[in-house]
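Q: For reference, the structure I am asking about is given below.
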Amino acid sequence: MKTNVFYERWMQRVFLLAACVSVAAVALICGFLLAGGIPALREIGLRDFLLGRVWKPGSDHYGVLPMILGSIYITSGAMLLGVPLGVLTAVWLARFCPETMYHRAKPAVELLAGIPSIVFGFFGLMVMVPLVRQLLGGSGRSILTASLLLGVMILPSIIGVAESALRAVPDSYYEGALALGATHERAVFTVVLPAARSGILAGIVLGLGRAAGEATAVAMVAGNQTAMPYSLLRGVRTLTTNIIMEMGYAEGLHRQALFAVGAVLFLLILLINLWAGRMKEGERA
(Lines give C-alpha, C1' and ligand atoms only; values in the text may rest on other atoms or scores of the structure.)
Protein backbone atom coordinates (compact mmCIF):
# COMPACT_ATOMS: atom_id res chain seq x y z
CA MET A 1 0.00 0.00 0.00
CA LYS A 2 2.82 2.41 0.90
CA THR A 3 4.55 1.54 -2.37
CA ASN A 4 1.43 2.47 -4.37
CA VAL A 5 1.13 5.78 -2.53
CA PHE A 6 4.80 6.51 -3.22
CA TYR A 7 4.42 5.80 -6.93
CA GLU A 8 1.26 7.91 -7.14
CA ARG A 9 2.98 10.90 -5.54
CA TRP A 10 6.06 10.42 -7.72
CA MET A 11 3.95 10.30 -10.90
CA GLN A 12 2.03 13.39 -9.80
CA ARG A 13 5.31 15.26 -9.56
CA VAL A 14 6.40 13.97 -12.96
CA PHE A 15 3.15 15.14 -14.54
CA LEU A 16 3.44 18.50 -12.78
CA LEU A 17 6.99 18.88 -14.08
CA ALA A 18 5.88 18.04 -17.62
CA ALA A 19 3.08 20.61 -17.43
CA CYS A 20 5.47 23.27 -16.11
CA VAL A 21 7.96 22.56 -18.89
CA SER A 22 5.21 22.93 -21.49
CA VAL A 23 4.03 26.24 -20.06
CA ALA A 24 7.60 27.47 -19.76
CA ALA A 25 8.31 26.56 -23.39
CA VAL A 26 5.32 28.61 -24.58
CA ALA A 27 6.37 31.52 -22.37
CA LEU A 28 9.93 31.39 -23.70
CA ILE A 29 8.75 31.37 -27.32
CA CYS A 30 6.45 34.31 -26.62
CA GLY A 31 9.23 36.23 -24.88
CA PHE A 32 11.70 35.48 -27.68
CA LEU A 33 9.32 36.81 -30.34
CA LEU A 34 8.43 39.91 -28.36
CA ALA A 35 12.04 40.69 -27.54
CA GLY A 36 12.92 40.53 -31.22
CA GLY A 37 9.84 42.34 -32.52
CA ILE A 38 9.17 45.16 -30.04
CA PRO A 39 12.12 47.29 -31.24
CA ALA A 40 10.71 47.17 -34.77
CA LEU A 41 7.24 48.12 -33.57
CA ARG A 42 8.67 51.09 -31.71
CA GLU A 43 10.49 52.35 -34.78
CA ILE A 44 7.82 51.57 -37.36
CA GLY A 45 4.77 52.27 -35.21
CA LEU A 46 2.10 49.72 -34.30
CA ARG A 47 -0.55 51.36 -36.49
CA ASP A 48 1.69 51.61 -39.55
CA PHE A 49 2.88 48.05 -39.05
CA LEU A 50 -0.53 46.41 -38.66
CA LEU A 51 -2.50 48.61 -41.08
CA GLY A 52 0.19 49.39 -43.62
CA ARG A 53 -0.48 48.05 -47.12
CA VAL A 54 3.05 48.11 -48.50
CA TRP A 55 5.84 45.69 -47.62
CA LYS A 56 9.10 46.89 -49.19
CA PRO A 57 12.04 46.41 -46.82
CA GLY A 58 14.39 48.14 -49.25
CA SER A 59 12.32 51.33 -48.93
CA ASP A 60 11.67 50.90 -45.19
CA HIS A 61 7.97 50.13 -45.71
CA TYR A 62 6.79 47.41 -43.34
CA GLY A 63 3.02 47.03 -43.59
CA VAL A 64 1.67 43.54 -42.89
CA LEU A 65 -2.06 44.09 -43.52
CA PRO A 66 -1.96 42.26 -46.91
CA MET A 67 -0.28 39.27 -45.26
CA ILE A 68 -2.70 39.24 -42.33
CA LEU A 69 -5.63 39.23 -44.72
CA GLY A 70 -3.93 36.63 -46.90
CA SER A 71 -3.45 34.33 -43.90
CA ILE A 72 -7.07 34.82 -42.84
CA TYR A 73 -8.47 34.22 -46.34
CA ILE A 74 -6.42 31.08 -47.00
CA THR A 75 -7.06 29.64 -43.54
CA SER A 76 -10.80 30.36 -43.80
CA GLY A 77 -10.98 28.75 -47.23
CA ALA A 78 -9.14 25.68 -45.95
CA MET A 79 -11.54 25.36 -43.02
CA LEU A 80 -14.57 25.69 -45.31
CA LEU A 81 -13.34 22.63 -47.19
CA GLY A 82 -11.62 20.68 -44.45
CA VAL A 83 -14.11 20.91 -41.57
CA PRO A 84 -17.23 19.46 -43.27
CA LEU A 85 -15.22 16.85 -45.15
CA GLY A 86 -13.16 15.90 -42.10
CA VAL A 87 -16.10 15.64 -39.69
CA LEU A 88 -18.22 13.65 -42.12
CA THR A 89 -15.31 11.31 -42.81
CA ALA A 90 -14.86 10.80 -39.07
CA VAL A 91 -18.57 10.03 -38.71
CA TRP A 92 -18.33 7.51 -41.52
CA LEU A 93 -15.25 5.82 -40.02
CA ALA A 94 -16.75 5.68 -36.52
CA ARG A 95 -20.36 4.72 -37.27
CA PHE A 96 -20.90 3.68 -40.88
CA CYS A 97 -17.72 2.07 -42.22
CA PRO A 98 -17.77 -1.75 -42.49
CA GLU A 99 -15.11 -3.48 -40.43
CA THR A 100 -13.33 -4.94 -43.46
CA MET A 101 -13.15 -1.55 -45.18
CA TYR A 102 -12.13 0.26 -42.00
CA HIS A 103 -8.81 -1.57 -41.84
CA ARG A 104 -8.00 -0.13 -45.27
CA ALA A 105 -9.47 3.34 -44.93
CA LYS A 106 -7.93 4.16 -41.54
CA PRO A 107 -4.31 3.50 -42.63
CA ALA A 108 -4.95 5.64 -45.71
CA VAL A 109 -5.95 8.59 -43.51
CA GLU A 110 -2.92 8.03 -41.28
CA LEU A 111 -0.69 7.87 -44.36
CA LEU A 112 -2.07 11.24 -45.45
CA ALA A 113 -0.92 12.68 -42.12
CA GLY A 114 2.60 11.44 -42.75
CA ILE A 115 3.10 13.10 -46.13
CA PRO A 116 5.63 15.97 -45.81
CA SER A 117 4.49 19.51 -46.54
CA ILE A 118 6.97 19.84 -49.39
CA VAL A 119 5.33 16.87 -51.14
CA PHE A 120 1.91 18.49 -50.78
CA GLY A 121 3.37 21.70 -52.16
CA PHE A 122 4.93 19.91 -55.13
CA PHE A 123 1.62 18.18 -55.87
CA GLY A 124 -0.20 21.50 -55.67
CA LEU A 125 2.35 23.20 -57.92
CA MET A 126 2.33 20.50 -60.60
CA VAL A 127 -1.33 19.43 -60.51
CA MET A 128 -3.60 21.93 -58.78
CA VAL A 129 -2.05 25.14 -60.12
CA PRO A 130 -2.39 24.11 -63.82
CA LEU A 131 -5.90 22.79 -63.15
CA VAL A 132 -7.09 26.04 -61.55
CA ARG A 133 -5.40 28.03 -64.33
CA GLN A 134 -7.16 25.99 -67.00
CA LEU A 135 -10.61 26.04 -65.39
CA LEU A 136 -10.78 29.53 -63.87
CA GLY A 137 -8.02 31.53 -65.52
CA GLY A 138 -5.27 33.56 -63.95
CA SER A 139 -1.85 32.23 -63.07
CA GLY A 140 -3.24 29.39 -60.95
CA ARG A 141 -1.06 30.37 -57.98
CA SER A 142 -3.75 32.00 -55.89
CA ILE A 143 -5.73 32.13 -52.67
CA LEU A 144 -8.14 29.51 -54.02
CA THR A 145 -5.40 27.01 -54.86
CA ALA A 146 -3.71 27.44 -51.49
CA SER A 147 -7.06 27.04 -49.68
CA LEU A 148 -7.86 23.83 -51.53
CA LEU A 149 -4.43 22.40 -50.82
CA LEU A 150 -4.53 23.34 -47.14
CA GLY A 151 -8.05 21.94 -46.86
CA VAL A 152 -6.65 18.53 -47.82
CA MET A 153 -3.62 18.88 -45.55
CA ILE A 154 -5.67 19.50 -42.39
CA LEU A 155 -7.98 16.52 -42.95
CA PRO A 156 -5.93 13.99 -40.93
CA SER A 157 -5.83 16.29 -37.90
CA ILE A 158 -9.58 16.81 -37.90
CA ILE A 159 -10.49 13.22 -38.77
CA GLY A 160 -8.26 11.63 -36.11
CA VAL A 161 -9.48 13.73 -33.18
CA ALA A 162 -13.13 13.78 -34.31
CA GLU A 163 -13.24 10.01 -34.75
CA SER A 164 -11.79 9.45 -31.27
CA ALA A 165 -14.41 11.82 -29.83
CA LEU A 166 -17.22 9.99 -31.60
CA ARG A 167 -16.01 6.59 -30.39
CA ALA A 168 -15.79 7.93 -26.83
CA VAL A 169 -19.55 8.63 -26.73
CA PRO A 170 -21.21 5.90 -24.59
CA ASP A 171 -23.15 3.30 -26.58
CA SER A 172 -26.13 3.91 -24.31
CA TYR A 173 -26.73 7.24 -26.07
CA TYR A 174 -27.02 5.54 -29.44
CA GLU A 175 -29.02 2.60 -28.13
CA GLY A 176 -31.41 4.90 -26.29
CA ALA A 177 -32.09 6.84 -29.49
CA LEU A 178 -32.82 3.58 -31.32
CA ALA A 179 -35.14 2.49 -28.52
CA LEU A 180 -37.12 5.71 -29.01
CA GLY A 181 -37.64 4.87 -32.68
CA ALA A 182 -34.80 6.80 -34.36
CA THR A 183 -33.11 5.36 -37.42
CA HIS A 184 -29.40 4.64 -37.46
CA GLU A 185 -28.64 7.86 -39.35
CA ARG A 186 -30.87 9.98 -37.15
CA ALA A 187 -29.38 8.54 -33.96
CA VAL A 188 -25.85 9.26 -35.16
CA PHE A 189 -26.45 12.82 -36.35
CA THR A 190 -28.87 13.99 -33.65
CA VAL A 191 -27.50 12.21 -30.57
CA VAL A 192 -23.95 10.87 -31.03
CA LEU A 193 -22.58 13.80 -33.04
CA PRO A 194 -23.79 16.52 -30.61
CA ALA A 195 -22.49 14.47 -27.66
CA ALA A 196 -19.02 14.48 -29.23
CA ARG A 197 -19.10 18.20 -29.99
CA SER A 198 -16.35 19.14 -27.54
CA GLY A 199 -13.87 16.65 -29.00
CA ILE A 200 -14.80 17.58 -32.55
CA LEU A 201 -14.20 21.24 -31.72
CA ALA A 202 -10.74 20.31 -30.44
CA GLY A 203 -10.00 18.62 -33.76
CA ILE A 204 -11.20 21.67 -35.67
CA VAL A 205 -8.97 23.95 -33.60
CA LEU A 206 -6.03 21.62 -34.22
CA GLY A 207 -6.69 21.77 -37.95
CA LEU A 208 -7.06 25.53 -37.77
CA GLY A 209 -3.68 25.86 -36.10
CA ARG A 210 -2.12 23.61 -38.74
CA ALA A 211 -3.62 25.70 -41.54
CA ALA A 212 -2.58 29.02 -39.99
CA GLY A 213 0.98 27.85 -39.37
CA GLU A 214 1.69 26.10 -42.67
CA ALA A 215 4.39 27.77 -44.74
CA THR A 216 6.20 25.50 -47.21
CA ALA A 217 3.25 24.23 -49.22
CA VAL A 218 1.54 27.63 -49.21
CA ALA A 219 4.69 29.34 -50.45
CA MET A 220 4.70 27.07 -53.49
CA VAL A 221 1.11 27.63 -54.62
CA ALA A 222 -0.09 30.97 -53.20
CA GLY A 223 1.77 33.28 -55.59
CA ASN A 224 3.78 35.19 -52.93
CA GLN A 225 2.46 38.64 -53.85
CA THR A 226 2.55 41.29 -51.14
CA ALA A 227 -0.32 43.28 -52.69
CA MET A 228 -3.74 43.47 -51.08
CA PRO A 229 -5.80 40.34 -51.89
CA TYR A 230 -8.85 41.51 -53.85
CA SER A 231 -9.70 38.24 -55.60
CA LEU A 232 -9.59 34.51 -54.89
CA LEU A 233 -7.68 34.05 -58.16
CA ARG A 234 -4.90 36.47 -57.23
CA GLY A 235 -1.67 35.56 -55.52
CA VAL A 236 -1.03 36.45 -51.91
CA ARG A 237 1.66 36.09 -49.27
CA THR A 238 0.88 34.84 -45.78
CA LEU A 239 2.61 35.70 -42.53
CA THR A 240 4.41 32.37 -42.41
CA THR A 241 5.68 32.46 -45.99
CA ASN A 242 6.91 36.02 -45.50
CA ILE A 243 9.13 34.84 -42.65
CA ILE A 244 10.65 31.83 -44.39
CA MET A 245 11.27 33.73 -47.63
CA GLU A 246 13.08 36.71 -46.11
CA MET A 247 14.61 35.62 -42.81
CA GLY A 248 17.66 34.12 -44.49
CA TYR A 249 18.99 37.48 -45.70
CA ALA A 250 17.23 40.00 -43.43
CA GLU A 251 19.31 42.34 -41.29
CA GLY A 252 18.69 45.19 -38.87
CA LEU A 253 15.20 46.64 -38.89
CA HIS A 254 14.12 44.17 -41.56
CA ARG A 255 15.00 41.23 -39.32
CA GLN A 256 13.28 42.80 -36.33
CA ALA A 257 10.16 43.36 -38.45
CA LEU A 258 10.10 39.66 -39.30
CA PHE A 259 10.21 38.87 -35.59
CA ALA A 260 7.23 41.18 -35.20
CA VAL A 261 5.46 39.26 -37.98
CA GLY A 262 6.05 36.07 -36.00
CA ALA A 263 4.61 37.74 -32.90
CA VAL A 264 1.48 38.71 -34.84
CA LEU A 265 1.07 35.13 -36.03
CA PHE A 266 1.58 33.83 -32.50
CA LEU A 267 -1.06 36.26 -31.24
CA LEU A 268 -3.56 35.14 -33.88
CA ILE A 269 -3.15 31.49 -32.92
CA LEU A 270 -3.38 32.40 -29.23
CA LEU A 271 -6.68 34.20 -29.87
CA ILE A 272 -7.98 31.14 -31.72
CA ASN A 273 -7.15 28.91 -28.73
CA LEU A 274 -8.76 31.36 -26.31
CA TRP A 275 -11.89 31.40 -28.46
CA ALA A 276 -11.97 27.59 -28.46
CA GLY A 277 -11.60 27.56 -24.70
CA ARG A 278 -14.52 29.97 -24.33
CA MET A 279 -16.61 27.76 -26.60
CA LYS A 280 -15.93 24.72 -24.42
CA GLU A 281 -16.75 26.65 -21.25
CA GLY A 282 -20.01 27.76 -22.81
CA GLU A 283 -20.93 24.16 -23.58
CA ARG A 284 -20.19 23.03 -20.03
CA ALA A 285 -22.25 25.87 -18.60
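By convention here, the chains of the C-alpha coordinates are called A, B, ... in the order presented, each chain's residues are numbered starting at 1, and ligands are numbered starting at 1 in the order presented.
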Which residues of stretch 208-248 of chain A come within 6 Å of stretch 135-155 of chain A, and what is each one's closest atom pair and distance in Å (one decimal), counting only C-alpha atoms, sorted by chain and residue number, as JSON lines?
A:
```
{"residue": "A:Val218", "atom": "CA", "partner": "A:Ala146", "partner_atom": "CA", "distance": 5.7}
{"residue": "A:Val221", "atom": "CA", "partner": "A:Arg141", "partner_atom": "CA", "distance": 4.8}
{"residue": "A:Ala222", "atom": "CA", "partner": "A:Ser142", "partner_atom": "CA", "distance": 4.7}
{"residue": "A:Gly223", "atom": "CA", "partner": "A:Arg141", "partner_atom": "CA", "distance": 4.7}
{"residue": "A:Leu232", "atom": "CA", "partner": "A:Ile143", "partner_atom": "CA", "distance": 5.0}
{"residue": "A:Leu233", "atom": "CA", "partner": "A:Ser142", "partner_atom": "CA", "distance": 5.0}
{"residue": "A:Arg234", "atom": "CA", "partner": "A:Ser142", "partner_atom": "CA", "distance": 4.8}
{"residue": "A:Gly235", "atom": "CA", "partner": "A:Ser142", "partner_atom": "CA", "distance": 4.1}
```
Q: Would you mind listing what lies within 12 Å of A:Asp171 as a list in words, with only C-alpha atoms counted and same-chain residues fewer than 6 positions away left out?
A: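 Counting only the stated atoms, we get Arg95, Ala177, Leu178, Ala187, Val188, Val191, Val192 and Ala195 of chain A.
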Q: Kindly export the residues of the current selection with N, CA and C atoms, as a PDB file, in the first residue's frame.
A:
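This is the output file part-v5.pdb:
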```
ATOM      1  N   ARG A  95     -19.002   5.257 -37.399  1.00  0.00           N
ATOM      2  CA  ARG A  95     -20.357   4.718 -37.269  1.00  0.00           C
ATOM      3  C   ARG A  95     -20.929   4.050 -38.517  1.00  0.00           C
ATOM      4  N   ALA A 177     -31.439   6.198 -28.348  1.00  0.00           N
ATOM      5  CA  ALA A 177     -32.086   6.836 -29.488  1.00  0.00           C
ATOM      6  C   ALA A 177     -32.795   5.798 -30.352  1.00  0.00           C
ATOM      7  N   LEU A 178     -32.167   4.638 -30.553  1.00  0.00           N
ATOM      8  CA  LEU A 178     -32.815   3.581 -31.324  1.00  0.00           C
ATOM      9  C   LEU A 178     -34.063   3.073 -30.612  1.00  0.00           C
ATOM     10  N   ALA A 187     -30.017   8.702 -35.261  1.00  0.00           N
ATOM     11  CA  ALA A 187     -29.377   8.541 -33.959  1.00  0.00           C
ATOM     12  C   ALA A 187     -27.949   9.064 -33.976  1.00  0.00           C
ATOM     13  N   VAL A 188     -27.237   8.815 -35.066  1.00  0.00           N
ATOM     14  CA  VAL A 188     -25.851   9.260 -35.158  1.00  0.00           C
ATOM     15  C   VAL A 188     -25.775  10.777 -35.230  1.00  0.00           C
ATOM     16  N   VAL A 191     -27.851  12.565 -31.945  1.00  0.00           N
ATOM     17  CA  VAL A 191     -27.496  12.206 -30.571  1.00  0.00           C
ATOM     18  C   VAL A 191     -25.985  12.046 -30.407  1.00  0.00           C
ATOM     19  N   VAL A 192     -25.379  11.171 -31.190  1.00  0.00           N
ATOM     20  CA  VAL A 192     -23.954  10.874 -31.028  1.00  0.00           C
ATOM     21  C   VAL A 192     -23.088  12.074 -31.413  1.00  0.00           C
ATOM     22  N   ALA A 195     -23.147  14.879 -28.900  1.00  0.00           N
ATOM     23  CA  ALA A 195     -22.486  14.472 -27.664  1.00  0.00           C
ATOM     24  C   ALA A 195     -20.967  14.554 -27.780  1.00  0.00           C
TER      25      ALA A 195
END
```
Q: Listing only residues of stretch 243-280 of chain A within 9 Å of stretch 59-68 of chain A, what is the closest atom pair and its distance in Å (to one decimal) for each, using only C-alpha atoms, sorted by chain and residue number ascending, as CSV?
A:
```
residue,atom,partner,partner_atom,distance
A:Leu253,CA,A:Asp60,CA,8.4
A:His254,CA,A:Asp60,CA,8.0
A:Ala257,CA,A:Tyr62,CA,7.2
A:Val261,CA,A:Val64,CA,7.5
A:Val264,CA,A:Ile68,CA,8.6
A:Leu265,CA,A:Ile68,CA,8.4
```
Q: Generate a file of the selected residues that holds N, CA and C atoms, formatted as a PDB file, in the first residue's frame.
A:
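Wrote selection14.pdb, looks like this:
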```pdb
ATOM      1  N   LEU A 253      16.620  46.399 -39.064  1.00  0.00           N
ATOM      2  CA  LEU A 253      15.197  46.636 -38.888  1.00  0.00           C
ATOM      3  C   LEU A 253      14.359  45.606 -39.634  1.00  0.00           C
ATOM      4  N   HIS A 254      14.830  45.189 -40.778  1.00  0.00           N
ATOM      5  CA  HIS A 254      14.116  44.169 -41.557  1.00  0.00           C
ATOM      6  C   HIS A 254      13.971  42.882 -40.746  1.00  0.00           C
ATOM      7  N   ALA A 257      11.536  43.349 -37.942  1.00  0.00           N
ATOM      8  CA  ALA A 257      10.165  43.364 -38.448  1.00  0.00           C
ATOM      9  C   ALA A 257       9.643  41.951 -38.682  1.00  0.00           C
ATOM     10  N   VAL A 261       6.414  40.061 -37.204  1.00  0.00           N
ATOM     11  CA  VAL A 261       5.457  39.264 -37.977  1.00  0.00           C
ATOM     12  C   VAL A 261       5.178  37.941 -37.270  1.00  0.00           C
ATOM     13  N   VAL A 264       2.862  38.542 -34.399  1.00  0.00           N
ATOM     14  CA  VAL A 264       1.476  38.708 -34.842  1.00  0.00           C
ATOM     15  C   VAL A 264       0.836  37.352 -35.113  1.00  0.00           C
ATOM     16  N   LEU A 265       1.575  36.465 -35.762  1.00  0.00           N
ATOM     17  CA  LEU A 265       1.066  35.126 -36.032  1.00  0.00           C
ATOM     18  C   LEU A 265       0.815  34.373 -34.731  1.00  0.00           C
TER      19      LEU A 265
END
```
Q: Measuring atom to atom with only C-alpha atoms, identify which of A:Ile269, A:Ile118, A:Leu131, A:Val87 is nearest to A:Gly160.
A: A:Val87
Q: Quick one: residues within 7 Å of stretch 240-244 of chain A, only C-alpha atoms counted, chain neighbours fewer than 5 positions away excluded, as a PyMOL selection string?
A: chain A and resi 213-215+219+258
Q: Among stretch 14-240 of chain A, which ones does DSSP place in helix (DSSP H, G or I), written as JSON, numbers by chain?
A: {"A": [14, 15, 16, 17, 18, 19, 20, 21, 22, 23, 24, 25, 26, 27, 28, 29, 30, 31, 32, 33, 34, 35, 36, 37, 38, 39, 40, 41, 42, 43, 44, 46, 47, 48, 49, 50, 51, 57, 58, 59, 65, 66, 67, 68, 69, 70, 71, 72, 73, 74, 75, 76, 77, 78, 79, 80, 81, 82, 83, 84, 85, 86, 87, 88, 89, 90, 91, 92, 93, 94, 95, 96, 99, 100, 101, 102, 103, 104, 105, 106, 107, 108, 109, 110, 111, 112, 113, 117, 118, 119, 120, 121, 122, 123, 124, 125, 126, 127, 128, 129, 130, 131, 132, 133, 134, 135, 136, 143, 144, 145, 146, 147, 148, 149, 150, 151, 152, 153, 155, 156, 157, 158, 159, 160, 161, 162, 163, 164, 165, 166, 167, 168, 171, 172, 173, 174, 175, 176, 177, 178, 179, 184, 185, 186, 187, 188, 189, 190, 191, 192, 193, 194, 195, 197, 198, 199, 200, 201, 202, 203, 204, 205, 206, 207, 208, 209, 210, 211, 212, 213, 216, 217, 218, 219, 220, 221, 239, 240]}
